[in-house]
>>> print(open('model22.txt').read())   # compact mmCIF, C-alpha atoms and all ligand atoms
# COMPACT_ATOMS: atom_id res chain seq x y z
CA MET C 1 21.83 12.19 4.30
CA PRO C 2 18.04 12.39 4.60
CA GLN C 3 16.62 12.35 8.07
CA GLN C 4 15.63 8.88 9.19
CA GLN C 5 11.94 8.18 9.06
CA ASP C 6 9.92 5.68 11.01
CA ALA C 7 8.04 2.76 9.45
CA CYS C 8 4.68 4.55 9.40
CA THR C 9 6.09 7.56 7.56
CA LEU C 10 7.82 5.30 5.06
CA LEU C 11 4.59 3.41 4.37
CA ASP C 12 2.62 6.63 4.13
CA GLU C 13 4.98 7.91 1.44
CA ASP C 14 4.01 4.87 -0.64
CA HIS C 15 0.36 5.79 -0.08
CA ASN C 16 0.95 9.34 -1.27
CA SER C 17 2.79 8.24 -4.35
CA ALA C 18 -0.05 5.80 -5.17
CA PHE C 19 -2.59 8.63 -4.88
CA ARG C 20 -0.46 10.75 -7.22
CA LEU C 21 -0.55 7.91 -9.77
CA PHE C 22 -4.35 7.62 -9.44
CA GLU C 23 -4.59 11.36 -10.22
CA GLN C 24 -2.27 11.02 -13.21
CA TYR C 25 -4.32 8.08 -14.48
CA LYS C 26 -7.54 10.09 -14.27
CA ALA C 27 -5.90 12.98 -16.14
CA ALA C 28 -4.46 10.72 -18.86
CA HIS C 29 -6.06 10.84 -22.27
CA ASP C 30 -4.39 8.18 -24.33
CA ASP C 31 -4.63 4.47 -23.70
CA ASN C 32 -0.89 3.83 -23.86
CA ARG C 33 -0.28 6.25 -21.03
CA LYS C 34 -3.14 4.71 -19.05
CA ARG C 35 -1.64 1.24 -19.53
CA LEU C 36 1.73 2.45 -18.34
CA LEU C 37 0.31 4.21 -15.28
CA ALA C 38 -1.96 1.27 -14.42
CA SER C 39 0.93 -1.14 -14.59
CA GLN C 40 3.15 1.04 -12.43
CA LEU C 41 0.37 1.62 -9.89
CA CYS C 42 -0.59 -2.06 -9.63
CA HIS C 43 3.04 -3.08 -9.26
CA ASP C 44 3.74 -0.44 -6.59
CA LEU C 45 0.64 -1.42 -4.63
CA LEU C 46 1.49 -5.13 -4.76
CA VAL C 47 5.00 -4.47 -3.45
CA HIS C 48 3.62 -2.15 -0.76
CA MET C 49 1.08 -4.72 0.43
CA GLN C 50 3.66 -7.46 0.39
CA ILE C 51 6.08 -5.60 2.67
CA GLU C 52 3.20 -4.80 5.02
CA ASP C 53 2.05 -8.42 5.03
CA GLU C 54 5.55 -9.81 5.55
CA ILE C 55 6.99 -7.29 7.98
CA PHE C 56 4.75 -4.54 9.32
CA TYR C 57 1.48 -6.34 10.11
CA PRO C 58 3.13 -9.27 11.95
CA ALA C 59 5.23 -6.84 14.02
CA PHE C 60 2.11 -4.78 14.74
CA GLN C 61 0.15 -7.83 15.78
CA ARG C 62 2.95 -9.07 18.05
CA ALA C 63 3.30 -5.69 19.73
CA THR C 64 -0.37 -4.75 20.11
CA GLY C 65 -2.26 -8.05 19.98
CA ASP C 66 -4.85 -6.19 17.89
CA GLN C 67 -5.94 -9.12 15.78
CA PRO C 68 -9.27 -7.64 14.57
CA LEU C 69 -7.49 -4.68 13.00
CA VAL C 70 -4.97 -6.93 11.25
CA ARG C 71 -7.76 -9.21 10.03
CA GLU C 72 -9.67 -6.25 8.63
CA SER C 73 -6.51 -5.03 6.90
CA ASP C 74 -5.88 -8.47 5.41
CA ARG C 75 -9.42 -8.44 4.06
CA GLU C 76 -8.86 -5.04 2.45
CA HIS C 77 -5.59 -6.24 0.91
CA ARG C 78 -7.42 -9.23 -0.60
CA GLU C 79 -10.06 -6.94 -2.03
CA ALA C 80 -7.36 -4.70 -3.53
CA ARG C 81 -5.44 -7.68 -4.98
CA ASP C 82 -8.60 -9.00 -6.56
CA LEU C 83 -9.21 -5.65 -8.30
CA ILE C 84 -5.55 -5.38 -9.32
CA GLY C 85 -5.83 -8.79 -10.98
CA ARG C 86 -8.80 -7.53 -12.99
CA ILE C 87 -7.08 -4.24 -13.89
CA GLU C 88 -4.01 -6.10 -15.15
CA ASN C 89 -6.34 -7.62 -17.76
CA ALA C 90 -8.15 -4.34 -18.46
CA PRO C 91 -5.74 -1.48 -17.72
CA THR C 92 -7.78 1.13 -19.57
CA ASP C 93 -10.98 0.41 -17.61
CA ALA C 94 -11.45 3.68 -15.69
CA ARG C 95 -14.38 2.27 -13.71
CA LEU C 96 -12.28 -0.57 -12.28
CA MET C 97 -9.55 1.91 -11.45
CA LEU C 98 -12.04 4.07 -9.53
CA GLN C 99 -13.14 1.01 -7.58
CA LEU C 100 -9.53 0.30 -6.69
CA GLU C 101 -8.97 3.90 -5.65
CA ASP C 102 -12.00 3.68 -3.32
CA VAL C 103 -10.74 0.49 -1.71
CA ILE C 104 -7.24 1.92 -1.29
CA LEU C 105 -8.58 5.20 0.12
CA ASP C 106 -10.64 3.39 2.77
CA HIS C 107 -7.76 1.11 3.61
CA VAL C 108 -5.19 3.90 3.84
CA ASN C 109 -7.54 5.86 6.11
CA ASP C 110 -7.69 2.85 8.43
CA GLU C 111 -3.91 2.64 8.49
CA ARG C 112 -3.49 6.37 9.04
CA GLU C 113 -6.20 6.77 11.65
CA LYS C 114 -6.10 3.45 13.51
CA MET C 115 -3.06 1.34 12.85
CA PHE C 116 -0.25 3.91 12.70
CA PRO C 117 -1.31 5.80 15.86
CA GLU C 118 -1.62 2.47 17.70
CA ALA C 119 1.79 1.36 16.41
CA ARG C 120 3.40 4.60 17.57
CA LYS C 121 1.96 4.12 21.05
CA ALA C 122 2.93 0.44 21.27
CA LYS C 123 5.84 -0.33 23.56
CA GLY C 124 7.54 -3.28 21.87
CA MET C 125 7.64 -1.84 18.35
CA ASP C 126 10.91 -0.44 17.03
CA LEU C 127 9.58 1.69 14.18
CA MET C 128 13.04 2.89 13.08
CA GLN C 129 14.35 -0.65 12.81
CA LEU C 130 11.18 -1.72 10.99
CA ALA C 131 11.61 1.13 8.53
CA GLN C 132 15.02 -0.26 7.59
CA GLN C 133 13.62 -3.76 7.12
CA LEU C 134 10.73 -2.45 5.02
CA ALA C 135 13.04 -0.36 2.84
CA ALA C 136 15.45 -3.27 2.30
CA ARG C 137 12.67 -5.68 1.36
CA LYS C 138 11.09 -3.13 -0.94
CA THR C 139 14.37 -2.63 -2.80
CA GLU C 140 14.72 -6.40 -3.14
CA LEU C 141 11.19 -6.82 -4.53
CA LEU C 142 11.51 -3.90 -6.92
CA ALA C 143 14.77 -5.33 -8.24
CA ALA C 144 13.27 -8.81 -8.68
CA HIS C 145 10.28 -7.57 -10.67
CA PRO C 146 11.06 -4.22 -12.24
CA ALA C 147 7.92 -2.33 -13.24
FE FE C 201 -0.38 0.72 3.47
FE FE C 202 -2.15 -1.99 3.87
>>> encode(input="model22.txt", output="structure tokens")
Amino acid sequence: MPQQQDACTLLDEDHNSAFRLFEQYKAAHDDNRKRLLASQLCHDLLVHMQIEDEIFYPAFQRATGDQPLVRESDREHREARDLIGRIENAPTDARLMLQLEDVILDHVNDEREKMFPEARKAKGMDLMQLAQQLAARKTELLAAHPA
């Protein structure tokens, strides 16, 4: 039985696996592989943002009242979704993929450096319970729309 992880660690594992896919995409030489990696990456990111939007951000906002940080995160998610929409139509466009990587890097840094530390300090946030909710919803979404 793996040791239980809190919600921030669970979300950060998604971030790390997304960065691994960005690296694999950059190292890929043939277009079929790029298409496959782009589709997997876009799908993973959409599921990740959805579980944050549905579960983690609302819980964070309730516990901390930090509306500006949630608003900024929502804005970054919109920016990422916009780029993902364009990449789905042009999965071999390396320039678009680099733009997405930039947006995701900035956004993940905000989560790692601002949101997660604040969440871990917040009193009314049960990060172990949230991790279970996030994991359950992620499984549900992955099953509904397999990559
Ligand atoms: Fe995230
Ligand atoms: Fe996010």
>>> atom_distance(input="model22.txt", atom1="atom CA of Gly85 of chain C", atom2="atom CA of Pro68 of chain C")
25.8 Å
>>> closest_atom_pairs(input="model22.txt", of="chain C", to="ligand FE 201 (chain C)", cutoff="12 Å", atoms="all atoms listed in the file", output="Markdown table")
| residue | atom | partner | partner_atom | distance |
| --- | --- | --- | --- | --- |
| C:Ala7 | CA | C:FE201 | FE | 10.5 |
| C:Cys8 | CA | C:FE201 | FE | 8.7 |
| C:Thr9 | CA | C:FE201 | FE | 10.3 |
| C:Leu10 | CA | C:FE201 | FE | 9.5 |
| C:Leu11 | CA | C:FE201 | FE | 5.7 |
| C:Asp12 | CA | C:FE201 | FE | 6.7 |
| C:Glu13 | CA | C:FE201 | FE | 9.2 |
| C:Asp14 | CA | C:FE201 | FE | 7.3 |
| C:His15 | CA | C:FE201 | FE | 6.2 |
| C:Asn16 | CA | C:FE201 | FE | 9.9 |
| C:Ser17 | CA | C:FE201 | FE | 11.3 |
| C:Ala18 | CA | C:FE201 | FE | 10.0 |
| C:Phe19 | CA | C:FE201 | FE | 11.7 |
| C:Asp44 | CA | C:FE201 | FE | 10.9 |
| C:Leu45 | CA | C:FE201 | FE | 8.4 |
| C:Leu46 | CA | C:FE201 | FE | 10.3 |
| C:Val47 | CA | C:FE201 | FE | 10.2 |
| C:His48 | CA | C:FE201 | FE | 6.5 |
| C:Met49 | CA | C:FE201 | FE | 6.4 |
| C:Gln50 | CA | C:FE201 | FE | 9.6 |
| C:Ile51 | CA | C:FE201 | FE | 9.1 |
| C:Glu52 | CA | C:FE201 | FE | 6.8 |
| C:Asp53 | CA | C:FE201 | FE | 9.6 |
| C:Ile55 | CA | C:FE201 | FE | 11.8 |
| C:Phe56 | CA | C:FE201 | FE | 9.4 |
| C:Tyr57 | CA | C:FE201 | FE | 9.9 |
| C:Val70 | CA | C:FE201 | FE | 11.8 |
| C:Ser73 | CA | C:FE201 | FE | 9.1 |
| C:Asp74 | CA | C:FE201 | FE | 10.9 |
| C:Glu76 | CA | C:FE201 | FE | 10.3 |
| C:His77 | CA | C:FE201 | FE | 9.1 |
| C:Ala80 | CA | C:FE201 | FE | 11.3 |
| C:Val103 | CA | C:FE201 | FE | 11.6 |
| C:Ile104 | CA | C:FE201 | FE | 8.4 |
| C:Leu105 | CA | C:FE201 | FE | 9.9 |
| C:Asp106 | CA | C:FE201 | FE | 10.6 |
| C:His107 | CA | C:FE201 | FE | 7.4 |
| C:Val108 | CA | C:FE201 | FE | 5.8 |
| C:Asn109 | CA | C:FE201 | FE | 9.2 |
| C:Asp110 | CA | C:FE201 | FE | 9.1 |
| C:Glu111 | CA | C:FE201 | FE | 6.4 |
| C:Arg112 | CA | C:FE201 | FE | 8.5 |
| C:Glu113 | CA | C:FE201 | FE | 11.7 |
| C:Lys114 | CA | C:FE201 | FE | 11.9 |
| C:Met115 | CA | C:FE201 | FE | 9.8 |
| C:Phe116 | CA | C:FE201 | FE | 9.8 |
| C:Leu134 | CA | C:FE201 | FE | 11.7 |
>>> closest_residue(input="model22.txt", among="C:Thr139, C:Leu130, C:Leu37, C:His29", to="Ala59 of chain C", atoms="all atoms listed in the file")
C:Leu130
>>> closest_residue(input="model22.txt", among="C:Asp6, C:Glu118, C:Glu79, C:Glu72", to="Asp102 of chain C", atoms="only C-alpha atoms")
C:Glu79
>>> atom_distance(input="model22.txt", atom1="atom CA of Ser39 of chain C", atom2="atom CA of Met97 of chain C")
11.4 Å
>>> closest_residue(input="model22.txt", among="C:Arg86, C:Arg81, C:His43, C:Lys123", to="Gly65 of chain C", atoms="all atoms listed in the file")
C:Lys123
>>> residues_around(input="model22.txt", residues="Ala90 of chain C", least_positions_apart="6", cutoff="10 Å", atoms="all atoms listed in the file", output="list of chain:residue names")
C:Arg35, C:Ala38, C:Ile84, C:Leu96, C:Met97
>>> residues_around(input="model22.txt", residues="Ala122 of chain C", least_positions_apart="5", cutoff="10 Å", atoms="all atoms listed in the file", output="number ranges by chain")
C: 60, 63-64, 116-117, 127
>>> atom_distance(input="model22.txt", atom1="atom CA of Arg71 of chain C", atom2="atom CA of Glu101 of chain C")
20.5 Å
>>> closest_residue(input="model22.txt", among="C:Leu69, C:Gln61, C:Asn89, C:Glu54", to="Lys138 of chain C", atoms="only C-alpha atoms")
C:Glu54
>>> closest_residue(input="model22.txt", among="C:Asp30, C:Ala135, C:Gly124, C:Glu140", to="Arg62 of chain C", atoms="only C-alpha atoms")
C:Gly124
>>> closest_residue(input="model22.txt", among="C:Gln129, C:Asp66, C:Pro91, C:Arg78", to="ligand FE 202 (chain C)", atoms="all atoms listed in the file")
C:Arg78
>>> decode(input="model22.txt", residues="segment 21-103 of chain C", atoms="C-alpha atoms", output="PDB file, in the first residue's frame")
ATOM      1  CA  LEU C  21       5.584  14.489 -21.821  1.00  0.00           C
ATOM      2  CA  PHE C  22       6.751  17.947 -22.973  1.00  0.00           C
ATOM      3  CA  GLU C  23      10.341  16.610 -22.955  1.00  0.00           C
ATOM      4  CA  GLN C  24       9.331  13.499 -24.899  1.00  0.00           C
ATOM      5  CA  TYR C  25       7.498  15.654 -27.430  1.00  0.00           C
ATOM      6  CA  LYS C  26      10.568  17.824 -27.976  1.00  0.00           C
ATOM      7  CA  ALA C  27      12.724  14.721 -28.445  1.00  0.00           C
ATOM      8  CA  ALA C  28      10.269  13.084 -30.872  1.00  0.00           C
ATOM      9  CA  HIS C  29      11.219  12.978 -34.523  1.00  0.00           C
ATOM     10  CA  ASP C  30       8.261  11.564 -36.349  1.00  0.00           C
ATOM     11  CA  ASP C  31       4.901  13.230 -36.673  1.00  0.00           C
ATOM     12  CA  ASN C  32       2.882  10.200 -35.590  1.00  0.00           C
ATOM     13  CA  ARG C  33       4.685  10.081 -32.283  1.00  0.00           C
ATOM     14  CA  LYS C  34       4.241  13.839 -31.863  1.00  0.00           C
ATOM     15  CA  ARG C  35       0.506  13.487 -32.511  1.00  0.00           C
ATOM     16  CA  LEU C  36       0.242  10.731 -29.936  1.00  0.00           C
ATOM     17  CA  LEU C  37       2.204  12.647 -27.305  1.00  0.00           C
ATOM     18  CA  ALA C  38       0.321  15.891 -27.989  1.00  0.00           C
ATOM     19  CA  SER C  39      -3.006  14.148 -27.616  1.00  0.00           C
ATOM     20  CA  GLN C  40      -1.986  12.464 -24.371  1.00  0.00           C
ATOM     21  CA  LEU C  41      -0.557  15.697 -22.958  1.00  0.00           C
ATOM     22  CA  CYS C  42      -3.594  17.805 -23.872  1.00  0.00           C
ATOM     23  CA  HIS C  43      -5.949  15.212 -22.438  1.00  0.00           C
ATOM     24  CA  ASP C  44      -3.967  14.880 -19.192  1.00  0.00           C
ATOM     25  CA  LEU C  45      -3.809  18.650 -18.757  1.00  0.00           C
ATOM     26  CA  LEU C  46      -7.540  19.078 -19.364  1.00  0.00           C
ATOM     27  CA  VAL C  47      -8.367  16.435 -16.761  1.00  0.00           C
ATOM     28  CA  HIS C  48      -5.878  17.977 -14.326  1.00  0.00           C
ATOM     29  CA  MET C  49      -7.342  21.469 -14.728  1.00  0.00           C
ATOM     30  CA  GLN C  50     -10.860  20.146 -14.413  1.00  0.00           C
ATOM     31  CA  ILE C  51     -10.230  18.446 -11.067  1.00  0.00           C
ATOM     32  CA  GLU C  52      -8.534  21.612  -9.817  1.00  0.00           C
ATOM     33  CA  ASP C  53     -11.430  23.764 -11.010  1.00  0.00           C
ATOM     34  CA  GLU C  54     -14.089  21.472  -9.563  1.00  0.00           C
ATOM     35  CA  ILE C  55     -12.475  20.444  -6.296  1.00  0.00           C
ATOM     36  CA  PHE C  56      -9.171  22.017  -5.303  1.00  0.00           C
ATOM     37  CA  TYR C  57      -9.628  25.708  -6.162  1.00  0.00           C
ATOM     38  CA  PRO C  58     -13.083  26.023  -4.536  1.00  0.00           C
ATOM     39  CA  ALA C  59     -11.789  24.318  -1.369  1.00  0.00           C
ATOM     40  CA  PHE C  60      -8.738  26.596  -1.406  1.00  0.00           C
ATOM     41  CA  GLN C  61     -10.863  29.690  -1.833  1.00  0.00           C
ATOM     42  CA  ARG C  62     -13.233  28.667   0.970  1.00  0.00           C
ATOM     43  CA  ALA C  63     -10.367  27.974   3.357  1.00  0.00           C
ATOM     44  CA  THR C  64      -8.117  30.944   2.569  1.00  0.00           C
ATOM     45  CA  GLY C  65     -10.416  33.564   1.038  1.00  0.00           C
ATOM     46  CA  ASP C  66      -7.572  34.284  -1.392  1.00  0.00           C
ATOM     47  CA  GLN C  67      -9.715  35.272  -4.333  1.00  0.00           C
ATOM     48  CA  PRO C  68      -6.991  37.117  -6.324  1.00  0.00           C
ATOM     49  CA  LEU C  69      -4.845  33.982  -6.452  1.00  0.00           C
ATOM     50  CA  VAL C  70      -7.766  31.839  -7.610  1.00  0.00           C
ATOM     51  CA  ARG C  71      -8.709  34.440 -10.228  1.00  0.00           C
ATOM     52  CA  GLU C  72      -5.160  34.510 -11.547  1.00  0.00           C
ATOM     53  CA  SER C  73      -5.140  30.710 -11.695  1.00  0.00           C
ATOM     54  CA  ASP C  74      -8.456  30.671 -13.562  1.00  0.00           C
ATOM     55  CA  ARG C  75      -6.974  33.096 -16.063  1.00  0.00           C
ATOM     56  CA  GLU C  76      -3.954  30.852 -16.588  1.00  0.00           C
ATOM     57  CA  HIS C  77      -6.213  27.815 -17.049  1.00  0.00           C
ATOM     58  CA  ARG C  78      -8.168  29.705 -19.732  1.00  0.00           C
ATOM     59  CA  GLU C  79      -4.946  30.609 -21.495  1.00  0.00           C
ATOM     60  CA  ALA C  80      -3.826  26.963 -21.389  1.00  0.00           C
ATOM     61  CA  ARG C  81      -7.210  25.690 -22.647  1.00  0.00           C
ATOM     62  CA  ASP C  82      -7.108  28.143 -25.512  1.00  0.00           C
ATOM     63  CA  LEU C  83      -3.678  26.848 -26.582  1.00  0.00           C
ATOM     64  CA  ILE C  84      -4.763  23.230 -26.113  1.00  0.00           C
ATOM     65  CA  GLY C  85      -7.690  23.871 -28.456  1.00  0.00           C
ATOM     66  CA  ARG C  86      -5.251  25.144 -31.087  1.00  0.00           C
ATOM     67  CA  ILE C  87      -2.827  22.237 -30.560  1.00  0.00           C
ATOM     68  CA  GLU C  88      -5.631  19.709 -30.995  1.00  0.00           C
ATOM     69  CA  ASN C  89      -5.970  21.089 -34.532  1.00  0.00           C
ATOM     70  CA  ALA C  90      -2.203  21.268 -35.117  1.00  0.00           C
ATOM     71  CA  PRO C  91      -0.546  18.607 -32.944  1.00  0.00           C
ATOM     72  CA  THR C  92       2.765  18.718 -34.804  1.00  0.00           C
ATOM     73  CA  ASP C  93       3.203  22.487 -34.352  1.00  0.00           C
ATOM     74  CA  ALA C  94       6.267  22.627 -32.075  1.00  0.00           C
ATOM     75  CA  ARG C  95       5.963  26.394 -31.651  1.00  0.00           C
ATOM     76  CA  LEU C  96       2.447  26.137 -30.208  1.00  0.00           C
ATOM     77  CA  MET C  97       3.628  23.364 -27.924  1.00  0.00           C
ATOM     78  CA  LEU C  98       6.445  25.575 -26.625  1.00  0.00           C
ATOM     79  CA  GLN C  99       3.926  28.323 -25.916  1.00  0.00           C
ATOM     80  CA  LEU C 100       1.817  25.858 -23.957  1.00  0.00           C
ATOM     81  CA  GLU C 101       4.858  24.656 -22.030  1.00  0.00           C
ATOM     82  CA  ASP C 102       5.663  28.272 -21.073  1.00  0.00           C
ATOM     83  CA  VAL C 103       2.131  28.913 -19.841  1.00  0.00           C
TER      84      VAL C 103
END
